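What follows is final.txt (compact mmCIF, C-alpha atoms).
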# COMPACT_ATOMS: atom_id res chain seq x y z
CA MET A 5 0.00 0.00 0.00
CA HIS A 6 1.64 3.22 -1.20
CA PHE A 7 0.06 6.61 -0.58
CA GLU A 8 1.54 8.53 -3.50
CA LEU A 9 -0.63 11.61 -4.02
CA SER A 10 -2.10 12.30 -7.43
CA SER A 11 -1.64 15.72 -9.01
CA GLU A 12 -5.22 16.60 -8.00
CA GLN A 13 -4.60 15.57 -4.41
CA GLN A 14 -1.34 17.51 -4.29
CA MET A 15 -3.19 20.56 -5.61
CA LEU A 16 -5.79 20.13 -2.87
CA VAL A 17 -3.07 20.01 -0.21
CA GLU A 18 -1.32 23.08 -1.60
CA THR A 19 -4.58 25.04 -1.88
CA VAL A 20 -5.62 24.31 1.69
CA ARG A 21 -2.10 24.94 3.05
CA ARG A 22 -2.00 28.32 1.30
CA PHE A 23 -5.46 29.21 2.62
CA VAL A 24 -4.49 28.26 6.17
CA GLU A 25 -1.27 30.26 6.07
CA THR A 26 -2.76 33.41 4.50
CA GLU A 27 -6.30 33.48 5.92
CA LEU A 28 -6.04 31.77 9.31
CA TYR A 29 -2.52 32.15 10.73
CA PRO A 30 -2.66 35.98 10.84
CA HIS A 31 -5.66 35.90 13.18
CA GLU A 32 -4.50 33.24 15.64
CA LYS A 33 -3.08 35.67 18.20
CA LEU A 34 -6.30 37.69 18.23
CA VAL A 35 -8.38 34.56 18.85
CA GLU A 36 -6.00 33.37 21.55
CA ASP A 37 -6.02 36.71 23.37
CA THR A 38 -9.78 37.33 23.16
CA ASP A 39 -11.05 33.73 23.26
CA SER A 40 -13.38 34.58 20.40
CA VAL A 41 -13.65 34.81 16.63
CA PRO A 42 -15.26 38.12 15.59
CA ALA A 43 -18.45 37.57 13.61
CA ASP A 44 -17.22 39.55 10.60
CA LEU A 45 -13.98 37.55 10.50
CA ALA A 46 -15.90 34.28 10.75
CA GLU A 47 -18.13 35.27 7.85
CA ASP A 48 -15.13 36.38 5.78
CA ILE A 49 -13.41 33.02 6.29
CA ARG A 50 -16.58 31.13 5.39
CA ARG A 51 -17.07 33.19 2.23
CA LYS A 52 -13.49 32.68 1.04
CA ALA A 53 -13.65 28.96 1.82
CA LYS A 54 -16.84 28.62 -0.24
CA ASP A 55 -15.25 30.51 -3.14
CA LEU A 56 -12.39 28.00 -3.14
CA GLY A 57 -14.70 25.00 -2.87
CA LEU A 58 -13.41 24.08 0.59
CA TYR A 59 -16.79 24.19 2.33
CA ALA A 60 -18.74 20.99 3.15
CA VAL A 61 -16.24 18.89 1.21
CA ASN A 62 -17.33 15.76 3.10
CA MET A 63 -20.86 15.93 1.72
CA PRO A 64 -22.02 14.33 -1.58
CA ALA A 65 -21.54 16.41 -4.71
CA GLU A 66 -25.11 15.71 -5.83
CA LEU A 67 -26.30 17.55 -2.71
CA GLY A 68 -24.03 20.53 -3.26
CA GLY A 69 -21.08 19.32 -1.19
CA GLY A 70 -17.49 18.83 -2.25
CA GLY A 71 -17.92 15.11 -2.83
CA LEU A 72 -14.50 14.20 -1.45
CA GLY A 73 -13.86 10.70 -0.26
CA THR A 74 -12.50 9.99 3.21
CA PHE A 75 -8.86 9.91 2.12
CA ASP A 76 -9.05 13.26 0.33
CA THR A 77 -11.00 14.78 3.21
CA THR A 78 -8.26 13.53 5.53
CA LEU A 79 -5.65 15.33 3.44
CA MET A 80 -7.62 18.54 3.85
CA GLU A 81 -8.18 18.00 7.57
CA ARG A 82 -4.45 17.53 8.07
CA GLU A 83 -3.73 20.97 6.62
CA LEU A 84 -6.59 22.64 8.52
CA GLY A 85 -5.31 21.00 11.70
CA ARG A 86 -2.22 23.20 11.54
CA ALA A 87 -4.33 26.25 12.44
CA SER A 88 -6.20 27.41 15.53
CA TYR A 89 -9.31 25.28 15.99
CA GLY A 90 -11.49 28.33 16.55
CA LEU A 91 -10.59 29.54 13.06
CA GLN A 92 -10.40 26.32 11.09
CA MET A 93 -13.85 25.16 12.21
CA MET A 94 -15.31 28.08 10.23
CA ILE A 95 -14.52 26.00 7.15
CA ALA A 96 -17.41 23.73 8.01
CA ARG A 97 -17.51 20.01 7.48
CA PRO A 98 -21.11 19.27 8.54
CA SER A 99 -21.64 16.31 10.86
CA ASN A 100 -21.72 13.18 8.72
CA ILE A 101 -24.66 11.90 10.72
CA LEU A 102 -26.80 14.44 8.84
CA ARG A 103 -26.64 12.08 5.87
CA GLY A 104 -29.33 10.19 7.75
CA CYS A 105 -31.81 13.01 7.05
CA GLU A 106 -35.00 11.95 5.26
CA GLY A 107 -38.04 13.68 3.82
CA SER A 108 -38.50 17.29 4.91
CA GLN A 109 -35.30 17.07 7.02
CA ILE A 110 -33.26 17.23 3.82
CA GLU A 111 -34.59 20.67 2.85
CA GLU A 112 -34.82 21.95 6.42
CA TYR A 113 -31.47 20.79 7.80
CA LEU A 114 -29.15 18.92 5.44
CA LEU A 115 -29.09 21.15 2.37
CA PRO A 116 -28.97 24.51 4.23
CA THR A 117 -26.07 23.17 6.31
CA ILE A 118 -24.19 22.12 3.19
CA ARG A 119 -24.77 25.58 1.69
CA GLY A 120 -23.53 27.24 4.88
CA GLU A 121 -26.89 28.86 5.64
CA ARG A 122 -27.27 26.84 8.84
CA HIS A 123 -24.76 25.36 11.27
CA ASP A 124 -25.02 22.17 13.30
CA CYS A 125 -23.58 20.78 16.51
CA LEU A 126 -23.78 17.34 18.08
CA ALA A 127 -24.86 16.68 21.69
CA MET A 128 -24.10 13.36 23.36
CA THR A 129 -22.06 14.09 26.49
CA GLU A 130 -23.70 14.74 29.86
CA PRO A 131 -22.30 15.45 33.35
CA ASP A 132 -22.81 11.77 34.28
CA ALA A 133 -22.52 10.26 30.80
CA GLY A 134 -19.18 10.79 29.09
CA SER A 135 -17.49 7.62 27.87
CA ASP A 136 -20.54 5.59 28.99
CA VAL A 137 -22.99 7.01 26.45
CA ARG A 138 -25.81 4.62 27.40
CA SER A 139 -25.93 6.08 30.91
CA MET A 140 -27.31 9.37 29.59
CA ARG A 141 -30.28 10.74 31.51
CA THR A 142 -31.67 13.14 28.96
CA PHE A 143 -34.94 11.49 28.00
CA ALA A 144 -37.34 12.04 25.12
CA ARG A 145 -40.86 10.87 26.06
CA ARG A 146 -43.44 10.18 23.36
CA ASP A 147 -46.54 12.33 23.77
CA GLY A 148 -48.98 11.86 20.92
CA ASP A 149 -47.38 13.17 17.74
CA ASP A 150 -44.58 14.85 19.68
CA PHE A 151 -41.62 14.05 21.90
CA VAL A 152 -41.05 15.92 25.16
CA ILE A 153 -37.39 16.21 26.12
CA ASN A 154 -35.96 16.76 29.61
CA GLY A 155 -32.34 16.68 30.71
CA SER A 156 -29.03 18.41 30.11
CA LYS A 157 -25.89 18.14 28.00
CA HIS A 158 -22.44 19.64 28.49
CA PHE A 159 -19.13 19.97 26.63
CA ILE A 160 -21.10 20.59 23.43
CA SER A 161 -18.60 22.03 20.96
CA HIS A 162 -19.45 25.24 19.04
CA ALA A 163 -23.10 25.13 20.10
CA ASP A 164 -22.83 28.89 20.57
CA VAL A 165 -22.54 29.42 16.81
CA ALA A 166 -24.94 26.64 15.72
CA ASP A 167 -28.56 27.00 14.61
CA PHE A 168 -29.65 23.51 15.61
CA VAL A 169 -28.41 20.53 17.58
CA ILE A 170 -28.26 16.86 16.67
CA LEU A 171 -29.41 15.56 20.04
CA CYS A 172 -28.87 12.06 21.39
CA ALA A 173 -31.45 11.14 24.05
CA ALA A 174 -32.72 8.02 25.75
CA THR A 175 -36.14 6.92 24.51
CA GLY A 176 -36.67 3.56 26.16
CA GLU A 177 -35.05 0.38 27.39
CA ALA A 178 -34.36 -3.04 25.86
CA GLY A 179 -32.49 -5.95 27.34
CA GLY A 180 -31.67 -4.00 30.47
CA LYS A 181 -30.02 -1.21 28.48
CA LYS A 182 -31.27 2.22 27.53
CA THR A 183 -32.18 2.71 23.91
CA ILE A 184 -31.00 5.91 22.28
CA SER A 185 -32.59 8.03 19.55
CA CYS A 186 -31.37 11.09 17.66
CA PHE A 187 -33.34 14.29 17.13
CA LEU A 188 -32.89 17.52 15.17
CA VAL A 189 -33.74 20.38 17.51
CA ASP A 190 -33.66 24.08 16.58
CA PHE A 191 -32.15 26.37 19.19
CA ASP A 192 -35.22 28.62 19.20
CA THR A 193 -37.41 25.73 20.36
CA PRO A 194 -39.24 26.63 23.63
CA GLY A 195 -37.83 24.73 26.59
CA LEU A 196 -34.26 24.62 25.25
CA THR A 197 -31.69 26.85 26.96
CA ARG A 198 -28.15 27.26 25.66
CA ARG A 199 -25.33 28.78 27.72
CA ARG A 200 -21.57 29.01 27.61
CA GLY A 201 -19.83 26.30 29.61
CA PRO A 202 -16.69 26.62 31.76
CA LYS A 203 -13.67 28.16 30.07
CA CYS A 204 -11.31 25.55 28.68
CA VAL A 205 -7.52 25.87 28.50
CA SER A 206 -7.52 24.15 25.10
CA HIS A 207 -8.65 25.62 21.77
CA ARG A 208 -9.58 29.15 22.77
CA GLY A 209 -12.20 30.64 20.49
CA TYR A 210 -13.77 27.18 20.10
CA HIS A 211 -16.30 27.11 22.89
CA GLN A 212 -18.01 24.39 24.88
CA CYS A 213 -21.65 24.91 25.87
CA GLU A 214 -24.30 23.52 28.17
CA LEU A 215 -27.78 22.69 26.90
CA ILE A 216 -30.77 22.47 29.23
CA PHE A 217 -34.02 20.81 28.12
CA GLU A 218 -37.10 21.52 30.21
CA ASP A 219 -40.29 20.06 28.74
CA CYS A 220 -38.86 20.85 25.32
CA ARG A 221 -41.47 19.67 22.81
CA VAL A 222 -40.47 18.63 19.29
CA PRO A 223 -42.56 16.97 16.58
CA ALA A 224 -42.05 13.33 15.64
CA SER A 225 -40.62 14.61 12.34
CA ALA A 226 -37.58 15.76 14.36
CA LEU A 227 -36.53 12.13 14.84
CA LEU A 228 -33.32 11.45 12.86
CA GLY A 229 -33.24 7.84 11.74
CA GLU A 230 -35.29 5.16 13.47
CA LEU A 231 -36.69 5.31 17.00
CA ASP A 232 -34.41 3.56 19.51
CA LYS A 233 -31.74 3.11 16.80
CA GLY A 234 -29.69 6.22 17.55
CA PHE A 235 -26.79 4.29 19.02
CA GLU A 236 -26.44 2.35 15.78
CA LEU A 237 -26.78 5.55 13.74
CA MET A 238 -24.06 7.27 15.79
CA GLY A 239 -21.84 4.23 15.39
CA GLN A 240 -21.90 4.64 11.60
CA TRP A 241 -20.26 8.04 11.87
CA LEU A 242 -18.11 7.99 15.02
CA GLY A 243 -15.22 6.55 13.03
CA SER A 244 -15.09 9.68 10.87
CA THR A 245 -14.89 11.98 13.89
CA ARG A 246 -12.05 9.92 15.33
CA LEU A 247 -10.21 10.11 12.02
CA GLN A 248 -10.66 13.88 12.13
CA VAL A 249 -8.98 14.04 15.54
CA ALA A 250 -6.18 11.81 14.28
CA THR A 251 -5.45 13.79 11.15
CA THR A 252 -5.67 17.23 12.77
CA SER A 253 -3.29 15.95 15.42
CA VAL A 254 -0.86 14.99 12.66
CA GLY A 255 -1.17 18.38 10.98
CA ARG A 256 -0.63 20.33 14.18
CA GLY A 257 2.28 18.08 15.12
CA GLN A 258 3.94 18.72 11.77
CA ARG A 259 3.70 22.48 12.28
CA VAL A 260 5.18 22.16 15.75
CA LEU A 261 8.02 20.00 14.43
CA GLU A 262 8.83 22.57 11.75
CA MET A 263 9.02 25.34 14.35
CA ALA A 264 11.11 23.24 16.74
CA THR A 265 13.51 22.26 13.95
CA GLN A 266 13.98 25.88 12.90
CA TRP A 267 14.62 26.90 16.52
CA ALA A 268 17.10 24.05 17.04
CA ALA A 269 18.99 25.06 13.89
CA THR A 270 19.32 28.75 14.81
CA ARG A 271 19.38 28.87 18.62
CA LYS A 272 23.00 28.67 19.80
CA GLN A 273 24.42 27.61 23.14
CA PHE A 274 28.00 26.72 24.01
CA GLY A 275 29.09 27.97 20.61
CA GLN A 276 26.88 25.81 18.41
CA ALA A 277 23.28 25.28 17.31
CA ILE A 278 21.40 23.35 19.99
CA GLY A 279 20.22 20.89 17.33
CA LYS A 280 23.77 19.52 17.18
CA PHE A 281 23.47 18.26 20.74
CA GLN A 282 22.07 14.74 20.89
CA GLY A 283 19.67 15.75 23.64
CA THR A 284 17.93 18.01 21.15
CA GLY A 285 18.60 16.26 17.86
CA PHE A 286 17.28 12.93 19.10
CA LYS A 287 14.07 14.61 20.27
CA LEU A 288 13.56 15.91 16.73
CA ALA A 289 14.20 12.44 15.34
CA ASP A 290 11.62 10.90 17.66
CA MET A 291 9.07 13.61 16.82
CA LYS A 292 9.51 13.05 13.09
CA THR A 293 9.23 9.27 13.41
CA GLU A 294 6.10 9.36 15.55
CA LEU A 295 4.35 11.80 13.24
CA GLU A 296 5.18 9.70 10.18
CA ALA A 297 3.79 6.61 11.92
CA ALA A 298 0.66 8.48 13.02
CA GLU A 299 0.09 9.75 9.50
CA LEU A 300 0.43 6.29 8.00
CA LEU A 301 -2.03 4.80 10.49
CA THR A 302 -4.49 7.58 9.72
CA PHE A 303 -4.04 7.34 5.94
CA ARG A 304 -4.51 3.58 6.10
CA ALA A 305 -7.78 3.91 8.03
CA ALA A 306 -9.04 6.63 5.65
CA TRP A 307 -8.13 4.54 2.60
CA LYS A 308 -9.95 1.55 4.07
CA ASP A 309 -13.01 3.70 4.74
CA ASP A 310 -13.15 4.60 1.05
CA GLN A 311 -13.04 0.87 0.29
CA GLY A 312 -15.81 0.19 2.79
CA THR A 313 -13.52 -1.95 4.96
CA MET A 314 -12.56 0.37 7.83
CA THR A 315 -13.32 -1.09 11.24
CA ASP A 316 -13.84 0.57 14.62
CA THR A 317 -10.39 -0.74 15.50
CA ASP A 318 -8.78 1.02 12.54
CA ALA A 319 -10.24 4.38 13.57
CA ALA A 320 -9.45 3.76 17.24
CA MET A 321 -5.79 2.94 16.55
CA ALA A 322 -5.38 6.07 14.41
CA LYS A 323 -7.03 8.33 17.00
CA LEU A 324 -5.15 6.78 19.92
CA PHE A 325 -1.69 6.88 18.39
CA ALA A 326 -1.95 10.27 16.68
CA SER A 327 -3.39 12.10 19.69
CA GLU A 328 -0.80 10.64 22.05
CA ALA A 329 2.00 11.29 19.56
CA LEU A 330 0.91 14.94 19.41
CA ALA A 331 1.16 15.16 23.18
CA ARG A 332 4.75 13.91 23.11
CA VAL A 333 5.66 16.11 20.15
CA THR A 334 4.36 19.30 21.76
CA ASP A 335 5.99 18.46 25.07
CA ASN A 336 9.35 17.82 23.38
CA ALA A 337 8.99 21.03 21.38
CA LEU A 338 8.40 23.03 24.54
CA GLN A 339 11.52 21.47 26.06
CA ILE A 340 13.54 22.43 22.98
CA PHE A 341 12.32 26.03 23.19
CA GLY A 342 13.08 26.10 26.90
CA GLY A 343 11.70 29.02 28.89
CA MET A 344 10.56 30.82 25.74
CA GLY A 345 8.28 27.90 24.98
CA LEU A 346 6.15 28.80 28.00
CA MET A 347 5.76 32.44 27.03
CA ASP A 348 2.65 33.54 25.16
CA GLU A 349 4.89 35.51 22.82
CA LEU A 350 5.29 32.23 20.92
CA PRO A 351 2.51 29.73 20.06
CA ILE A 352 4.34 26.71 21.49
CA GLU A 353 2.58 26.87 24.86
CA ARG A 354 -0.75 27.07 22.98
CA PHE A 355 0.03 23.95 20.98
CA TRP A 356 1.01 22.23 24.22
CA ARG A 357 -2.28 23.18 25.91
CA ASP A 358 -4.39 22.42 22.87
CA ALA A 359 -2.87 18.96 22.49
CA ARG A 360 -4.19 17.81 25.86
CA VAL A 361 -7.84 17.63 24.89
CA GLU A 362 -7.23 15.40 21.87
CA ARG A 363 -6.76 12.39 24.17
CA ILE A 364 -10.15 13.04 25.76
CA TRP A 365 -12.82 14.13 23.30
CA ASP A 366 -14.38 11.85 20.69
CA GLY A 367 -13.50 8.93 22.93
CA THR A 368 -10.72 8.94 25.51
CA SER A 369 -7.49 7.03 24.95
CA GLU A 370 -8.81 4.45 27.41
CA ILE A 371 -11.95 3.95 25.30
CA GLN A 372 -9.83 3.53 22.16
CA ARG A 373 -7.70 0.92 23.91
CA HIS A 374 -10.89 -0.84 25.02
CA ILE A 375 -12.14 -0.98 21.42
CA ILE A 376 -8.82 -2.36 20.19
CA SER A 377 -8.42 -4.96 22.95
CA ARG A 378 -12.04 -6.07 22.61
CA ALA A 379 -11.51 -6.75 18.91
CA LEU A 380 -8.50 -8.89 19.78
CA LEU A 381 -10.17 -10.90 22.53
CA ARG A 382 -13.71 -11.40 21.23
CA PRO A 383 -12.75 -13.99 18.56
CA LEU A 384 -11.22 -16.02 21.41
CA GLU A 385 -14.46 -15.66 23.44
CA ALA A 386 -12.48 -13.90 26.16

Encoded form (structure tokens):
Amino acid sequence: MHFELSSEQQMLVETVRRFVETELYPHEKLVEDTDSVPADLAEDIRRKAKDLGLYAVNMPAELGGGGLGTFDTTLMERELGRASYGLQMMIARPSNILRGCEGSQIEEYLLPTIRGERHDCLAMTEPDAGSDVRSMRTFARRDGDDFVINGSKHFISHADVADFVILCAATGEAGGKKTISCFLVDFDTPGLTRRRGPKCVSHRGYHQCELIFEDCRVPASALLGELDKGFELMGQWLGSTRLQVATTSVGRGQRVLEMATQWAATRKQFGQAIGKFQGTGFKLADMKTELEAAELLTFRAAWKDDQGTMTDTDAAMAKLFASEALARVTDNALQIFGGMGLMDELPIERFWRDARVERIWDGTSEIQRHIISRALLRPLEA
């Protein structure tokens, strides 16, 4: 298996890299200092991304999306991952789960989101239901032709700039386990309150929110997919979110490595560049090797997804290794920069802080290891 990029793929990489460097990098310090992306800047980035055909690339071309396969989308995500998350998320890749829209949902939610007229967010996590999704307490009770929702969600990414939420809620029980369903809920629905969550040290400008549902009534037409089949529906698309974490981790790690290499080549101590000392040079070697390995794992999973053969284990291995490699890369880079690495004059301390969350969201490292080990042991009935 050899991942030699075609001329079209190389052009995609170069286009996205140029966009990131010219349209996103210049605004990173502003976002970091203010913990926000000004509305006019956000709209400008979205407009320019649409003009270049970089918006909704993960959605089918026949619906107005970019029509890119998983591998090509991964190439793009890697380049976007080099930039501040608060900025790069303006180049929307709508939640893949929206492909489950049917009937009126297509015109009301899917197509406007692809066109950039509406923005989505996904709500699964609760205060008492993080890795254990089935323990969620938010419940949607059938009431005639409607569902009445009560409960709360937290750590809901970019809900503050979304128009609607893809909500995961319990709707019943089967075999001693809660059954889960998915709903499309507009943020102006009575009974739904949205508020900013606690400030996070990672990814400033990319906010986490809390959602409170108090007798929030939605029509049965808000049900996404089949009743009590939300867990299966989510499972179809969780692999893609884990690949996104993996590939953005690779992209950010590559940027950090480039900066650390440049510093090691020009910073002098004891009469020579610090990169000539094994203590520094070997760190760079380890960083390069780990990022190459992470990229190959991610590319392999993405390629398999395009072939229809990617497994949960493939996505889990990519997410696990790439996110943990990024942690080691940013930590080594900070050590190479020394005291300056901790100063906000340089972005190294930001990369270091931002890297920490990658091992937590979209499934913790422990969950990924559970998925991988379960796949090994189940055939042996262990």

Residue neighbourhood Ala297 in chain A, 10 Å, only C-alpha atoms, exclusion window fewer than 2 positions, as a ChimeraX atom specification: /A:254,292-295,299-303,322,325-326,329

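Residues in contact range of Leu9 in chain A, defined as at most 12 Å between all atoms listed in the file, with sequence neighbours fewer than 4 positions away removed, read Gln13, Gln14, Met15, Leu16, Val17, Glu18, Phe75, Asp76, Leu79 and Phe303 of chain A.
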
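Excluding Val222 in chain A and any residue on its chain fewer than 3 positions from it, the residues at most 8 Å away by all atoms listed in the file are Asp150, Phe151, Val152, Ile153, Val189, Thr193 and Ala226 of chain A.
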
Convert the current residue selection to file output with C-alpha atoms, as a tab-separated table (two decimals), in the frame of the given file.
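Saved file part-v9.tsv follows:
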chain	number	residue	atom	x	y	z
A	150	ASP	CA	-44.58	14.85	19.68
A	151	PHE	CA	-41.62	14.05	21.90
A	152	VAL	CA	-41.05	15.92	25.16
A	153	ILE	CA	-37.39	16.21	26.12
A	189	VAL	CA	-33.74	20.38	17.51
A	193	THR	CA	-37.41	25.73	20.36
A	226	ALA	CA	-37.58	15.76	14.36

Residues within 12 Å of Ala264 in chain A, all atoms listed in the file, excluding chain neighbours under 3 positions, as a compact mmCIF listing (two decimals) with C-alpha atoms, in the coordinates of the input:
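New file result-v5.txt:
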# COMPACT_ATOMS: atom_id res chain seq x y z
CA GLY A 257 2.28 18.08 15.12
CA GLN A 258 3.94 18.72 11.77
CA ARG A 259 3.70 22.48 12.28
CA VAL A 260 5.18 22.16 15.75
CA LEU A 261 8.02 20.00 14.43
CA TRP A 267 14.62 26.90 16.52
CA ALA A 268 17.10 24.05 17.04
CA ALA A 269 18.99 25.06 13.89
CA THR A 270 19.32 28.75 14.81
CA ARG A 271 19.38 28.87 18.62
CA ILE A 278 21.40 23.35 19.99
CA GLY A 279 20.22 20.89 17.33
CA THR A 284 17.93 18.01 21.15
CA GLY A 285 18.60 16.26 17.86
CA LYS A 287 14.07 14.61 20.27
CA LEU A 288 13.56 15.91 16.73
CA ALA A 289 14.20 12.44 15.34
CA MET A 291 9.07 13.61 16.82
CA LYS A 292 9.51 13.05 13.09
CA VAL A 333 5.66 16.11 20.15
CA THR A 334 4.36 19.30 21.76
CA ASP A 335 5.99 18.46 25.07
CA ASN A 336 9.35 17.82 23.38
CA ALA A 337 8.99 21.03 21.38
CA LEU A 338 8.40 23.03 24.54
CA GLN A 339 11.52 21.47 26.06
CA ILE A 340 13.54 22.43 22.98
CA PHE A 341 12.32 26.03 23.19
CA GLY A 342 13.08 26.10 26.90
CA MET A 344 10.56 30.82 25.74
CA GLY A 345 8.28 27.90 24.98
CA LEU A 350 5.29 32.23 20.92
CA PRO A 351 2.51 29.73 20.06
CA ILE A 352 4.34 26.71 21.49
CA PHE A 355 0.03 23.95 20.98

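CA of Arg357 in chain A to CA of Ser206 in chain A spans 5.4 Å [interatomic distance, one decimal].
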
Residue nearest Pro98 in chain A - candidates A:Glu218, A:Thr245, A:Leu228, A:Arg146, atoms counted: all atoms listed in the file: A:Thr245

Top pick for closest residue to Met94 in chain A, considering A:Gly179, A:Gly201, A:Gly209, A:Gly234 and counting all atoms listed in the file: A:Gly209

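Distance annotation: of A:Arg354, A:Arg51, A:Arg145, A:Arg97, the residue with the minimal separation from Asp124 in chain A is A:Arg97; atom set is all atoms listed in the file.
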
Contacts of Ala96 in chain A at 8 Å (only C-alpha atoms; same-chain gap of 3+ positions) as JSON, numbers by chain: {"A": [50, 59, 60, 93, 120]}

Mind rebuilding range 108-115 of chain A with all heavy atoms and writing that out as an mmCIF file, in the coordinates of the input?
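After the write, part07.cif holds the following:
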data_model
loop_
_atom_site.group_PDB
_atom_site.id
_atom_site.type_symbol
_atom_site.label_atom_id
_atom_site.label_comp_id
_atom_site.auth_asym_id
_atom_site.auth_seq_id
_atom_site.Cartn_x
_atom_site.Cartn_y
_atom_site.Cartn_z
ATOM 1 N N SER A 108 -38.610 15.836 4.745
ATOM 2 C CA SER A 108 -38.500 17.290 4.910
ATOM 3 C C SER A 108 -37.208 17.689 5.620
ATOM 4 O O SER A 108 -36.776 18.844 5.524
ATOM 5 C CB SER A 108 -39.701 17.813 5.709
ATOM 6 O OG SER A 108 -39.731 17.244 7.013
ATOM 7 N N GLN A 109 -36.569 16.760 6.326
ATOM 8 C CA GLN A 109 -35.300 17.070 7.020
ATOM 9 C C GLN A 109 -34.209 17.458 6.034
ATOM 10 O O GLN A 109 -33.313 18.227 6.371
ATOM 11 C CB GLN A 109 -34.850 15.855 7.837
ATOM 12 C CG GLN A 109 -35.771 15.470 8.971
ATOM 13 C CD GLN A 109 -35.356 14.171 9.629
ATOM 14 O OE1 GLN A 109 -34.548 13.410 9.070
ATOM 15 N NE2 GLN A 109 -35.891 13.902 10.803
ATOM 16 N N ILE A 110 -34.286 16.936 4.819
ATOM 17 C CA ILE A 110 -33.260 17.230 3.820
ATOM 18 C C ILE A 110 -33.273 18.709 3.465
ATOM 19 O O ILE A 110 -32.225 19.372 3.436
ATOM 20 C CB ILE A 110 -33.460 16.357 2.573
ATOM 21 C CG1 ILE A 110 -33.260 14.876 2.931
ATOM 22 C CG2 ILE A 110 -32.504 16.784 1.459
ATOM 23 C CD1 ILE A 110 -33.564 13.919 1.800
ATOM 24 N N GLU A 111 -34.468 19.249 3.215
ATOM 25 C CA GLU A 111 -34.590 20.670 2.850
ATOM 26 C C GLU A 111 -34.433 21.586 4.058
ATOM 27 O O GLU A 111 -33.952 22.712 3.930
ATOM 28 C CB GLU A 111 -35.941 20.929 2.185
ATOM 29 C CG GLU A 111 -36.095 20.321 0.807
ATOM 30 C CD GLU A 111 -35.215 20.999 -0.229
ATOM 31 O OE1 GLU A 111 -34.794 22.154 0.004
ATOM 32 O OE2 GLU A 111 -34.942 20.370 -1.263
ATOM 33 N N GLU A 112 -34.824 21.093 5.231
ATOM 34 C CA GLU A 112 -34.820 21.950 6.420
ATOM 35 C C GLU A 112 -33.467 21.976 7.119
ATOM 36 O O GLU A 112 -33.083 23.010 7.700
ATOM 37 C CB GLU A 112 -35.896 21.472 7.392
ATOM 38 C CG GLU A 112 -36.128 22.417 8.559
ATOM 39 C CD GLU A 112 -37.313 22.002 9.427
ATOM 40 O OE1 GLU A 112 -38.013 21.026 9.075
ATOM 41 O OE2 GLU A 112 -37.531 22.651 10.470
ATOM 42 N N TYR A 113 -32.722 20.870 7.054
ATOM 43 C CA TYR A 113 -31.470 20.790 7.800
ATOM 44 C C TYR A 113 -30.256 20.467 6.925
ATOM 45 O O TYR A 113 -29.252 21.186 6.958
ATOM 46 C CB TYR A 113 -31.582 19.736 8.914
ATOM 47 C CG TYR A 113 -32.583 20.111 9.974
ATOM 48 C CD1 TYR A 113 -33.876 19.565 9.960
ATOM 49 C CD2 TYR A 113 -32.255 21.010 10.981
ATOM 50 C CE1 TYR A 113 -34.803 19.918 10.929
ATOM 51 C CE2 TYR A 113 -33.175 21.367 11.957
ATOM 52 C CZ TYR A 113 -34.448 20.821 11.920
ATOM 53 O OH TYR A 113 -35.371 21.185 12.880
ATOM 54 N N LEU A 114 -30.332 19.388 6.164
ATOM 55 C CA LEU A 114 -29.150 18.920 5.440
ATOM 56 C C LEU A 114 -28.675 19.916 4.390
ATOM 57 O O LEU A 114 -27.513 20.356 4.423
ATOM 58 C CB LEU A 114 -29.436 17.566 4.794
ATOM 59 C CG LEU A 114 -28.306 16.973 3.934
ATOM 60 C CD1 LEU A 114 -27.041 16.787 4.755
ATOM 61 C CD2 LEU A 114 -28.745 15.651 3.313
ATOM 62 N N LEU A 115 -29.518 20.283 3.461
ATOM 63 C CA LEU A 115 -29.090 21.150 2.370
ATOM 64 C C LEU A 115 -28.669 22.544 2.838
ATOM 65 O O LEU A 115 -27.633 23.057 2.392
ATOM 66 C CB LEU A 115 -30.189 21.241 1.303
ATOM 67 C CG LEU A 115 -30.504 19.925 0.571
ATOM 68 C CD1 LEU A 115 -31.576 20.144 -0.487
ATOM 69 C CD2 LEU A 115 -29.262 19.322 -0.047
#
